[in-house]
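Structure data (mmCIF, C-alpha atoms) from protein.cif:
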data_coords
#
loop_
_atom_site.label_atom_id
_atom_site.label_comp_id
_atom_site.auth_asym_id
_atom_site.auth_seq_id
_atom_site.Cartn_x
_atom_site.Cartn_y
_atom_site.Cartn_z
CA MET A 1 0.00 0.00 0.00
CA ARG A 2 1.32 3.42 -0.93
CA PRO A 3 -0.91 6.04 0.66
CA PHE A 4 1.56 8.81 -0.16
CA ASP A 5 2.46 8.72 -3.85
CA LYS A 6 3.86 11.97 -5.17
CA THR A 7 3.62 10.76 -8.77
CA GLN A 8 -0.08 9.96 -8.80
CA ARG A 9 -2.50 12.27 -10.55
CA CYS A 10 -4.45 14.48 -8.22
CA ASN A 11 -8.22 14.44 -7.93
CA TYR A 12 -10.37 17.05 -6.33
CA PHE A 13 -12.11 14.93 -3.66
CA PRO A 14 -9.28 15.00 -1.05
CA MET A 15 -8.78 18.74 -1.73
CA LEU A 16 -12.49 19.42 -1.21
CA THR A 17 -12.38 17.44 2.01
CA ILE A 18 -9.33 19.36 3.23
CA VAL A 19 -10.77 22.82 2.51
CA THR A 20 -14.20 21.82 3.87
CA PHE A 21 -12.89 20.50 7.14
CA SER A 22 -10.65 23.50 7.65
CA THR A 23 -13.58 25.85 7.01
CA LEU A 24 -15.93 23.87 9.25
CA PHE A 25 -13.33 23.74 11.99
CA PHE A 26 -12.81 27.49 11.69
CA GLY A 27 -16.59 27.83 12.15
CA PHE A 28 -16.29 26.06 15.49
CA PHE A 29 -13.55 28.51 16.52
CA CYS A 30 -15.67 31.50 15.58
CA TYR A 31 -18.77 30.27 17.34
CA ASN A 32 -18.11 31.68 20.81
CA GLN A 33 -16.91 34.96 19.35
CA TYR A 34 -20.13 35.38 17.39
CA MET A 35 -22.34 34.36 20.29
CA LYS A 36 -20.74 36.98 22.54
CA THR A 37 -20.95 39.85 20.08
CA ILE A 38 -24.15 39.28 18.09
CA PRO A 39 -27.58 39.23 19.77
CA PHE A 40 -29.65 37.01 17.50
CA PRO A 41 -33.24 37.92 16.64
CA ASP A 42 -36.15 35.90 17.96
CA PHE A 43 -36.97 33.62 15.04
CA LYS A 44 -39.97 32.06 16.79
CA HIS A 45 -42.05 35.23 16.94
CA GLN A 46 -41.17 37.20 13.84
CA HIS A 47 -40.89 36.89 10.09
CA PRO A 48 -37.39 35.73 9.08
CA PHE A 49 -36.69 38.99 7.24
CA GLN A 50 -38.35 41.36 9.69
CA GLU A 51 -36.05 43.60 11.71
CA SER A 52 -35.34 42.47 15.25
CA SER A 53 -36.05 44.62 18.26
CA ASN A 54 -32.44 44.10 19.33
CA SER A 55 -30.07 47.02 18.95
CA THR A 56 -27.80 44.92 16.72
CA TYR A 57 -29.19 42.96 13.80
CA VAL A 58 -28.18 39.87 11.94
CA GLN A 59 -28.13 40.42 8.18
CA LEU A 60 -30.12 37.64 6.50
CA GLN A 61 -30.04 36.89 2.81
CA GLU A 62 -33.40 36.43 1.13
CA THR A 63 -34.00 33.26 -0.86
CA ASN A 64 -36.65 32.35 -3.40
CA LYS A 65 -40.22 32.05 -2.18
CA ALA A 66 -41.96 28.70 -2.34
CA ASP A 67 -45.37 28.19 -3.95
CA ASP A 68 -47.19 28.78 -0.67
CA GLY A 69 -45.52 32.17 -0.18
CA ASP A 70 -43.13 31.06 2.55
CA TYR A 71 -39.39 31.31 2.19
CA GLU A 72 -37.64 28.12 1.17
CA ARG A 73 -34.96 28.44 3.84
CA ILE A 74 -35.06 30.11 7.23
CA VAL A 75 -31.63 31.02 8.51
CA SER A 76 -31.22 29.79 12.07
CA PRO A 77 -28.92 31.05 14.83
CA LEU A 78 -25.56 29.30 14.79
CA GLU A 79 -26.19 27.49 18.07
CA GLU A 80 -29.18 25.75 16.49
CA CYS A 81 -27.58 24.96 13.17
CA ASP A 82 -26.45 21.54 12.01
CA ILE A 83 -23.48 22.56 9.88
CA PHE A 84 -23.03 18.99 8.63
CA THR A 85 -26.36 18.92 6.79
CA GLY A 86 -26.10 20.86 3.55
CA GLU A 87 -24.73 20.78 0.04
CA TRP A 88 -21.84 21.85 -2.15
CA VAL A 89 -22.48 25.15 -3.92
CA PHE A 90 -20.45 26.83 -6.63
CA ASP A 91 -19.08 30.17 -5.45
CA ASN A 92 -17.55 32.26 -8.19
CA GLY A 93 -16.84 35.16 -5.85
CA SER A 94 -13.47 36.47 -4.83
CA SER A 95 -13.49 34.64 -1.48
CA HIS A 96 -12.65 31.29 -3.09
CA PRO A 97 -10.22 29.67 -3.21
CA LEU A 98 -9.13 30.51 0.33
CA TYR A 99 -5.52 30.19 -0.83
CA LYS A 100 -3.65 29.44 -4.04
CA GLU A 101 -1.12 26.68 -4.56
CA ASP A 102 1.59 29.01 -5.82
CA ASP A 103 1.26 31.22 -2.73
CA CYS A 104 1.89 28.42 -0.22
CA GLU A 105 5.31 26.84 -0.14
CA PHE A 106 4.31 24.22 2.44
CA LEU A 107 2.03 22.07 0.28
CA THR A 108 3.24 18.61 -0.71
CA ASP A 109 3.18 17.56 -4.36
CA MET A 110 0.37 15.14 -3.57
CA VAL A 111 -2.18 17.94 -3.13
CA THR A 112 -0.99 20.46 -5.71
CA CYS A 113 -3.45 19.56 -8.45
CA LEU A 114 -2.59 22.42 -10.80
CA LYS A 115 1.13 21.74 -10.46
CA ASN A 116 0.43 18.11 -11.34
CA GLY A 117 -1.26 19.10 -14.58
CA ARG A 118 -4.94 19.66 -13.85
CA PRO A 119 -6.08 21.88 -16.77
CA GLU A 120 -8.69 23.97 -14.91
CA SER A 121 -9.16 25.38 -11.42
CA LEU A 122 -12.95 25.68 -11.10
CA TYR A 123 -12.97 22.81 -8.60
CA GLN A 124 -11.53 25.29 -6.10
CA LYS A 125 -14.70 27.40 -6.29
CA TRP A 126 -16.93 24.90 -4.53
CA ARG A 127 -17.77 25.53 -0.88
CA TRP A 128 -19.91 23.83 1.72
CA GLN A 129 -23.26 25.48 2.44
CA PRO A 130 -25.20 24.29 5.52
CA ARG A 131 -28.92 23.99 4.90
CA ASP A 132 -30.15 26.25 7.71
CA CYS A 133 -27.38 28.78 8.27
CA SER A 134 -24.23 30.22 6.77
CA LEU A 135 -20.70 29.71 7.99
CA PRO A 136 -18.81 32.86 8.98
CA LYS A 137 -16.55 34.28 6.30
CA PHE A 138 -13.03 33.05 6.86
CA GLU A 139 -10.70 35.63 8.39
CA ALA A 140 -7.10 34.49 8.93
CA ASN A 141 -6.38 37.09 11.60
CA LEU A 142 -9.42 36.01 13.63
CA LEU A 143 -8.31 32.37 13.56
CA LEU A 144 -4.81 33.37 14.65
CA GLU A 145 -6.23 35.36 17.55
CA LYS A 146 -8.29 32.36 18.63
CA LEU A 147 -5.09 30.29 18.52
CA ARG A 148 -3.00 32.77 20.51
CA GLY A 149 -1.04 30.93 23.17
CA LYS A 150 -2.46 27.56 22.08
CA ARG A 151 -1.53 24.31 20.33
CA LEU A 152 -3.70 22.75 17.65
CA MET A 153 -2.73 19.23 16.61
CA PHE A 154 -3.97 16.93 13.85
CA VAL A 155 -3.37 13.25 14.58
CA GLY A 156 -3.71 10.38 12.13
CA ASP A 157 -2.72 9.54 8.55
CA PHE A 158 -1.80 11.56 5.47
CA ILE A 159 -5.35 12.87 5.14
CA ASN A 160 -4.93 14.74 8.41
CA LEU A 161 -1.47 15.88 7.35
CA ASN A 162 -3.12 17.46 4.32
CA GLN A 163 -5.69 19.06 6.62
CA MET A 164 -2.92 20.57 8.69
CA LEU A 165 -1.04 21.84 5.63
CA SER A 166 -4.21 23.38 4.26
CA MET A 167 -4.85 25.25 7.51
CA VAL A 168 -1.26 26.47 7.46
CA CYS A 169 -1.80 27.81 3.94
CA MET A 170 -4.97 29.58 5.05
CA VAL A 171 -3.13 31.69 7.64
CA GLN A 172 0.56 31.85 6.68
CA SER A 173 0.23 34.66 4.13
CA ILE A 174 -0.45 37.31 6.80
CA ILE A 175 2.53 36.28 8.94
CA PRO A 176 5.93 37.85 8.09
CA PRO A 177 8.60 35.30 7.04
CA GLU A 178 10.75 35.97 10.10
CA LYS A 179 7.76 35.37 12.40
CA LYS A 180 6.96 31.82 11.25
CA SER A 181 8.80 28.53 10.97
CA PHE A 182 8.07 25.06 9.63
CA SER A 183 9.74 21.82 10.68
CA TYR A 184 9.46 18.10 9.94
CA ALA A 185 10.49 15.29 12.27
CA SER A 186 9.96 11.52 12.36
CA TYR A 187 6.45 11.72 13.77
CA THR A 188 5.65 15.43 14.03
CA THR A 189 5.24 18.35 11.66
CA VAL A 190 5.09 21.76 13.33
CA PHE A 191 4.23 25.25 12.05
CA LYS A 192 5.14 27.92 14.62
CA MET A 193 3.62 31.40 14.72
CA LYS A 194 6.00 33.35 16.95
CA ASP A 195 3.99 36.52 17.54
CA TYR A 196 1.01 34.44 18.61
CA ASN A 197 2.97 31.90 20.68
CA ALA A 198 0.93 29.27 18.84
CA THR A 199 1.50 26.13 16.78
CA LEU A 200 -0.31 24.09 14.15
CA GLU A 201 0.95 20.52 14.41
CA PHE A 202 0.56 17.08 12.89
CA TYR A 203 1.41 13.76 14.55
CA TRP A 204 1.73 10.64 12.43
CA ALA A 205 -0.32 7.70 13.78
CA PRO A 206 -2.23 6.11 10.88
CA PHE A 207 -4.06 3.62 13.13
CA LEU A 208 -4.03 5.88 16.22
CA VAL A 209 -2.91 2.77 18.11
CA GLU A 210 0.67 1.56 17.66
CA SER A 211 1.74 -0.43 14.61
CA ASN A 212 4.83 -1.56 12.74
CA VAL A 213 4.24 1.06 10.01
CA ASP A 214 4.64 3.99 12.40
CA PRO A 215 8.39 4.56 11.74
CA PRO A 216 9.18 6.83 8.76
CA THR A 217 10.87 4.06 6.77
CA MET A 218 7.79 1.82 6.96
CA ARG A 219 5.11 4.21 5.71
CA TYR A 220 5.02 3.46 1.99
CA GLY A 221 3.70 -0.06 1.66
CA THR A 222 6.99 -1.90 2.11
CA VAL A 223 5.56 -4.15 4.87
CA VAL A 224 2.18 -5.60 5.81
CA PRO A 225 0.73 -3.57 8.70
CA VAL A 226 0.61 -5.28 12.09
CA VAL A 227 -1.45 -3.37 14.64
CA LYS A 228 -1.27 -3.32 18.44
CA LEU A 229 -4.98 -2.79 19.05
CA GLU A 230 -4.74 -2.08 22.78
CA SER A 231 -1.48 -0.09 22.75
CA ILE A 232 -1.75 3.67 22.40
CA SER A 233 0.15 5.30 25.29
CA LYS A 234 3.42 5.61 23.31
CA HIS A 235 1.65 7.87 20.84
CA GLY A 236 -0.66 9.39 23.41
CA ASP A 237 2.15 10.85 25.48
CA ASN A 238 2.73 13.26 22.57
CA TRP A 239 -0.90 14.41 22.51
CA LYS A 240 -1.04 15.73 26.06
CA ASN A 241 -1.25 19.44 26.92
CA VAL A 242 -2.70 20.27 23.51
CA ASP A 243 -5.64 22.68 23.30
CA TYR A 244 -7.28 21.30 20.16
CA LEU A 245 -6.95 17.67 19.03
CA ILE A 246 -8.31 16.51 15.67
CA PHE A 247 -8.09 12.76 15.09
CA ASN A 248 -8.67 10.62 12.02
CA THR A 249 -7.96 7.06 10.96
CA TYR A 250 -9.43 5.40 7.89
CA ILE A 251 -7.48 4.79 4.71
CA TRP A 252 -5.06 2.27 6.27
CA TRP A 253 -7.96 0.06 7.39
CA ARG A 254 -8.90 -1.02 3.87
CA TYR A 255 -7.89 -4.68 4.24
CA PRO A 256 -10.71 -7.25 4.77
CA THR A 257 -8.69 -8.61 7.68
CA MET A 258 -6.03 -6.93 9.76
CA LYS A 259 -3.01 -8.50 11.37
CA ALA A 260 -3.06 -7.82 15.10
CA LEU A 261 -0.17 -8.48 17.44
CA ASN A 262 -0.89 -11.39 19.78
CA GLY A 263 1.78 -11.50 22.44
CA ALA A 264 5.30 -10.26 21.90
CA THR A 265 5.88 -11.43 18.33
CA ASP A 266 2.96 -13.49 17.01
CA SER A 267 0.14 -11.97 14.97
CA VAL A 268 -3.39 -13.15 14.21
CA ASP A 269 -5.86 -12.16 11.50
CA VAL A 270 -8.77 -10.08 12.80
CA ASP A 271 -11.84 -8.97 10.87
CA GLN A 272 -11.45 -5.38 9.70
CA ASN A 273 -14.55 -4.10 11.51
CA VAL A 274 -13.64 -5.87 14.73
CA ALA A 275 -10.10 -4.52 14.63
CA TYR A 276 -11.29 -0.99 13.87
CA GLU A 277 -13.74 -1.09 16.78
CA ARG A 278 -11.09 -2.33 19.19
CA ALA A 279 -8.69 0.42 18.11
CA LEU A 280 -11.33 3.12 18.54
CA LYS A 281 -12.18 1.79 21.99
CA SER A 282 -8.52 2.06 22.94
CA TRP A 283 -8.48 5.62 21.59
CA ALA A 284 -11.70 6.58 23.41
CA LYS A 285 -10.35 5.16 26.67
CA TRP A 286 -7.16 7.22 26.26
CA VAL A 287 -9.19 10.38 25.66
CA GLU A 288 -11.36 9.68 28.70
CA GLU A 289 -8.39 9.10 30.98
CA ASN A 290 -5.97 11.74 29.70
CA VAL A 291 -7.85 14.71 28.28
CA ASP A 292 -9.01 17.57 30.47
CA SER A 293 -12.23 18.68 28.80
CA ASN A 294 -11.98 22.06 30.53
CA ARG A 295 -8.85 22.79 28.50
CA THR A 296 -8.84 20.55 25.44
CA SER A 297 -11.42 20.26 22.65
CA VAL A 298 -11.40 16.90 20.84
CA PHE A 299 -12.66 16.30 17.29
CA PHE A 300 -12.81 13.08 15.31
CA SER A 301 -12.89 13.33 11.52
CA SER A 302 -14.79 10.47 9.92
CA MET A 303 -13.78 8.77 6.68
CA SER A 304 -12.80 10.88 3.70
CA PRO A 305 -13.74 10.23 0.05
CA THR A 306 -11.59 7.34 -1.08
CA HIS A 307 -9.18 8.06 -3.90
CA MET A 308 -7.82 4.58 -4.50
CA LYS A 309 -10.08 3.85 -7.49
CA TYR A 310 -9.03 7.10 -9.14
CA LYS A 311 -5.39 6.20 -8.68
CA LEU A 312 -5.97 2.82 -10.33
CA ALA A 313 -7.92 4.42 -13.19
CA ASN A 314 -5.05 6.78 -13.93
CA THR A 315 -2.25 4.20 -13.95
#

What would you get if you wrote out this structure as structure tokens?
Amino acid sequence: MRPFDKTQRCNYFPMLTIVTFSTLFFGFFCYNQYMKTIPFPDFKHQHPFQESSNSTYVQLQETNKADDGDYERIVSPLEECDIFTGEWVFDNGSSHPLYKEDDCEFLTDMVTCLKNGRPESLYQKWRWQPRDCSLPKFEANLLLEKLRGKRLMFVGDFINLNQMLSMVCMVQSIIPPEKKSFSYASYTTVFKMKDYNATLEFYWAPFLVESNVDPPTMRYGTVVPVVKLESISKHGDNWKNVDYLIFNTYIWWRYPTMKALNGATDSVDVDQNVAYERALKSWAKWVEENVDSNRTSVFFSSMSPTHMKYKLANT
């Protein structure tokens, strides 16, 4: 298995996932700020486009009227909005893309679609639109202020590395060169923002639990993965004292059966779903026992659009 192939042709699904998650996650950051500064109108007792009696108003965009005269969509306050229910919409405005490949030196070749020969860039104009509300417009300086004095860490496989790199690209342009630094290590990738005393980080743990493919030299399909389904503390020690943790694990679980370590050296075949469940239980137990919810916010990113079939089609 070669989950990180710099020579493969790029498709837009992973890029859409990266930009979407970064935007959605930024929405979570902005939530408290908006709730403190904007008194929302009372939607239960007034027409959705009638002025509120509050001294500050929320600007609502009118949509087409339905046959019965009602508006097709009523914009809800953010605290009542399910941001995960919605659709992709084409946005030809100046706000998209949120960054350009040529302007961000930190992107890997795997996610630079235009550099890899994609003939058009319209795929970058799609954005996620929740059904019942609108996400705040992305502002890099606001995100950096929310991160001041904090650590944000992505943990998982190359999908989460791409998420981290995308977030770096979304903010790095407003930081002077001498005020930022970027470093790679065996397991960690760190982007430091000196004036904000903040970091965006990535920690490599494709199964979250420990495995034989964790070391850098084992990450490109040279060996069959063997997973330690109940062992996570070695990785977990590096996740402590972080303010925002974003986990994922998916693409490396694509085998019908997984080899799990049984004892010191022996391995046994375990059904994929059973192995995945055991690993997630180990992860959940670690979070329960080691994360202070008063300090740290934990997110789990579910599976991303698979790109294996596109890789095969282009070879």

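Comparing A:Tyr187, A:Arg295, A:Ser267, A:Cys169 by their smallest distance to A:Thr108, the closest is A:Cys169 (using all atoms listed in the file).
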
Could you work out how far atom CA of A:Glu210 lies from atom CA of A:Ile232, giving the answer in Å with one decimal?
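So the two atoms, atom CA of A:Ile232 and atom CA of A:Glu210, lie 5.7 Å apart.
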
Measuring between only C-alpha atoms, which one of A:Val223, A:Tyr250, A:Ser166, A:Thr257 shows the shortest distance to A:Val111?
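Closest to A:Val111, using only C-alpha atoms: A:Ser166.
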
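Atom CA of A:Ser233 is found 13.0 Å from atom CA of A:Phe207.
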
Neighbouring residues of A:Pro225 were defined as those with any atom within 7 Å, considering only C-alpha atoms; residues of the same chain fewer than 5 positions away were excluded. Please report them as a list in words.
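Residues meeting the cut-off are Ser211, Asn212, Val213 and Lys259 of chain A.
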
For A:Glu178, work out the shell of residues within 9 Å, counting only C-alpha atoms and skipping chain neighbours fewer than 3 positions away, then give it as a PDB file with C-alpha atoms, keeping the file's coordinate frame.
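around07.pdb, written as the output of this step:
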ATOM      1  CA  ILE A 175       2.530  36.280   8.940  1.00  0.00           C
ATOM      2  CA  SER A 181       8.800  28.530  10.970  1.00  0.00           C
ATOM      3  CA  LYS A 194       6.000  33.350  16.950  1.00  0.00           C
TER       4      LYS A 194
END

Excluding A:Tyr276 and any residue of its chain fewer than 3 positions from it, enumerate the residues within 9 Å of it, using only C-alpha atoms, and give them as a PyMOL selection string.
chain A and resi 207+229+250+253+258+271-273+279-281

Residues near stretch 150-159 of chain A, cut-off 6 Å, all atoms listed in the file, skip fewer than 3 positions along chain, as a PDB file with C-alpha atoms, keeping the file's coordinate frame:
ATOM      1  CA  LEU A 147      -5.090  30.290  18.520  1.00  0.00           C
ATOM      2  CA  ASN A 162      -3.120  17.460   4.320  1.00  0.00           C
ATOM      3  CA  ALA A 198       0.930  29.270  18.840  1.00  0.00           C
ATOM      4  CA  THR A 199       1.500  26.130  16.780  1.00  0.00           C
ATOM      5  CA  LEU A 200      -0.310  24.090  14.150  1.00  0.00           C
ATOM      6  CA  GLU A 201       0.950  20.520  14.410  1.00  0.00           C
ATOM      7  CA  PHE A 202       0.560  17.080  12.890  1.00  0.00           C
ATOM      8  CA  TYR A 203       1.410  13.760  14.550  1.00  0.00           C
ATOM      9  CA  TRP A 204       1.730  10.640  12.430  1.00  0.00           C
ATOM     10  CA  ALA A 205      -0.320   7.700  13.780  1.00  0.00           C
ATOM     11  CA  PRO A 206      -2.230   6.110  10.880  1.00  0.00           C
ATOM     12  CA  VAL A 242      -2.700  20.270  23.510  1.00  0.00           C
ATOM     13  CA  ASP A 243      -5.640  22.680  23.300  1.00  0.00           C
ATOM     14  CA  TYR A 244      -7.280  21.300  20.160  1.00  0.00           C
ATOM     15  CA  LEU A 245      -6.950  17.670  19.030  1.00  0.00           C
ATOM     16  CA  ILE A 246      -8.310  16.510  15.670  1.00  0.00           C
ATOM     17  CA  PHE A 247      -8.090  12.760  15.090  1.00  0.00           C
ATOM     18  CA  ASN A 248      -8.670  10.620  12.020  1.00  0.00           C
ATOM     19  CA  THR A 249      -7.960   7.060  10.960  1.00  0.00           C
TER      20      THR A 249
END

Straight-line distance linking atom CA of A:Lys285 with atom CA of A:Asn241, stated in Å to one decimal
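So the answer is 16.9 Å.
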
Step by step, work through what the PyMOL selection byres ((chain A and resi 139) around 10) selects in the shown file, and finish by giving those residues as a ChimeraX atom specification.
/A:26,30,98,136-138,140-144,170-171

Test item: write stretch 215-225 of chain A with all heavy atoms as a compact mmCIF listing (two decimals), in the first residue's frame:
# COMPACT_ATOMS: atom_id res chain seq x y z
N PRO A 215 7.11 3.92 12.06
CA PRO A 215 8.39 4.56 11.74
C PRO A 215 8.42 5.11 10.31
O PRO A 215 7.76 4.57 9.41
CB PRO A 215 9.41 3.42 11.91
CG PRO A 215 8.75 2.46 12.84
CD PRO A 215 7.29 2.53 12.50
N PRO A 216 9.15 6.18 10.08
CA PRO A 216 9.18 6.83 8.76
C PRO A 216 9.54 5.89 7.61
O PRO A 216 9.00 6.02 6.51
CB PRO A 216 10.24 7.92 8.93
CG PRO A 216 10.26 8.20 10.39
CD PRO A 216 9.97 6.90 11.07
N THR A 217 10.43 4.93 7.84
CA THR A 217 10.87 4.06 6.77
C THR A 217 9.85 2.98 6.41
O THR A 217 10.04 2.25 5.44
CB THR A 217 12.19 3.37 7.15
OG1 THR A 217 12.00 2.65 8.38
CG2 THR A 217 13.29 4.41 7.32
N MET A 218 8.78 2.88 7.17
CA MET A 218 7.79 1.82 6.96
C MET A 218 6.46 2.34 6.43
O MET A 218 5.49 1.61 6.41
CB MET A 218 7.56 1.08 8.29
CG MET A 218 8.79 0.44 8.88
SD MET A 218 9.41 -0.91 7.84
CE MET A 218 10.73 -1.55 8.89
N ARG A 219 6.40 3.58 5.98
CA ARG A 219 5.11 4.21 5.71
C ARG A 219 4.62 4.08 4.27
O ARG A 219 3.57 4.56 3.94
CB ARG A 219 5.19 5.70 6.07
CG ARG A 219 5.44 5.93 7.54
CD ARG A 219 5.58 7.40 7.87
NE ARG A 219 5.97 7.57 9.27
CZ ARG A 219 6.24 8.75 9.83
NH1 ARG A 219 6.16 9.85 9.09
NH2 ARG A 219 6.58 8.82 11.09
N TYR A 220 5.37 3.42 3.41
CA TYR A 220 5.02 3.46 1.99
C TYR A 220 4.74 2.09 1.40
O TYR A 220 5.08 1.82 0.26
CB TYR A 220 6.13 4.18 1.23
CG TYR A 220 6.40 5.56 1.77
CD1 TYR A 220 7.54 5.82 2.52
CD2 TYR A 220 5.47 6.59 1.57
CE1 TYR A 220 7.77 7.09 3.05
CE2 TYR A 220 5.70 7.85 2.10
CZ TYR A 220 6.84 8.10 2.83
OH TYR A 220 7.06 9.34 3.35
N GLY A 221 4.14 1.21 2.19
CA GLY A 221 3.70 -0.06 1.66
C GLY A 221 4.78 -1.11 1.54
O GLY A 221 4.60 -2.09 0.82
N THR A 222 5.89 -0.93 2.22
CA THR A 222 6.99 -1.90 2.11
C THR A 222 6.76 -3.12 2.99
O THR A 222 7.39 -4.16 2.78
CB THR A 222 8.32 -1.24 2.50
OG1 THR A 222 8.20 -0.70 3.83
CG2 THR A 222 8.65 -0.11 1.54
N VAL A 223 5.86 -3.01 3.99
CA VAL A 223 5.56 -4.15 4.87
C VAL A 223 4.06 -4.23 5.08
O VAL A 223 3.33 -3.25 4.90
CB VAL A 223 6.27 -4.01 6.24
CG1 VAL A 223 7.77 -4.03 6.08
CG2 VAL A 223 5.82 -2.74 6.95
N VAL A 224 3.59 -5.41 5.46
CA VAL A 224 2.18 -5.60 5.81
C VAL A 224 1.95 -5.03 7.20
O VAL A 224 2.69 -5.37 8.14
CB VAL A 224 1.80 -7.09 5.77
CG1 VAL A 224 0.36 -7.29 6.24
CG2 VAL A 224 1.99 -7.64 4.37
N PRO A 225 0.96 -4.17 7.39
CA PRO A 225 0.73 -3.57 8.70
C PRO A 225 0.35 -4.61 9.75
O PRO A 225 -0.46 -5.51 9.50
CB PRO A 225 -0.43 -2.61 8.46
CG PRO A 225 -0.41 -2.33 7.00
CD PRO A 225 0.07 -3.60 6.36
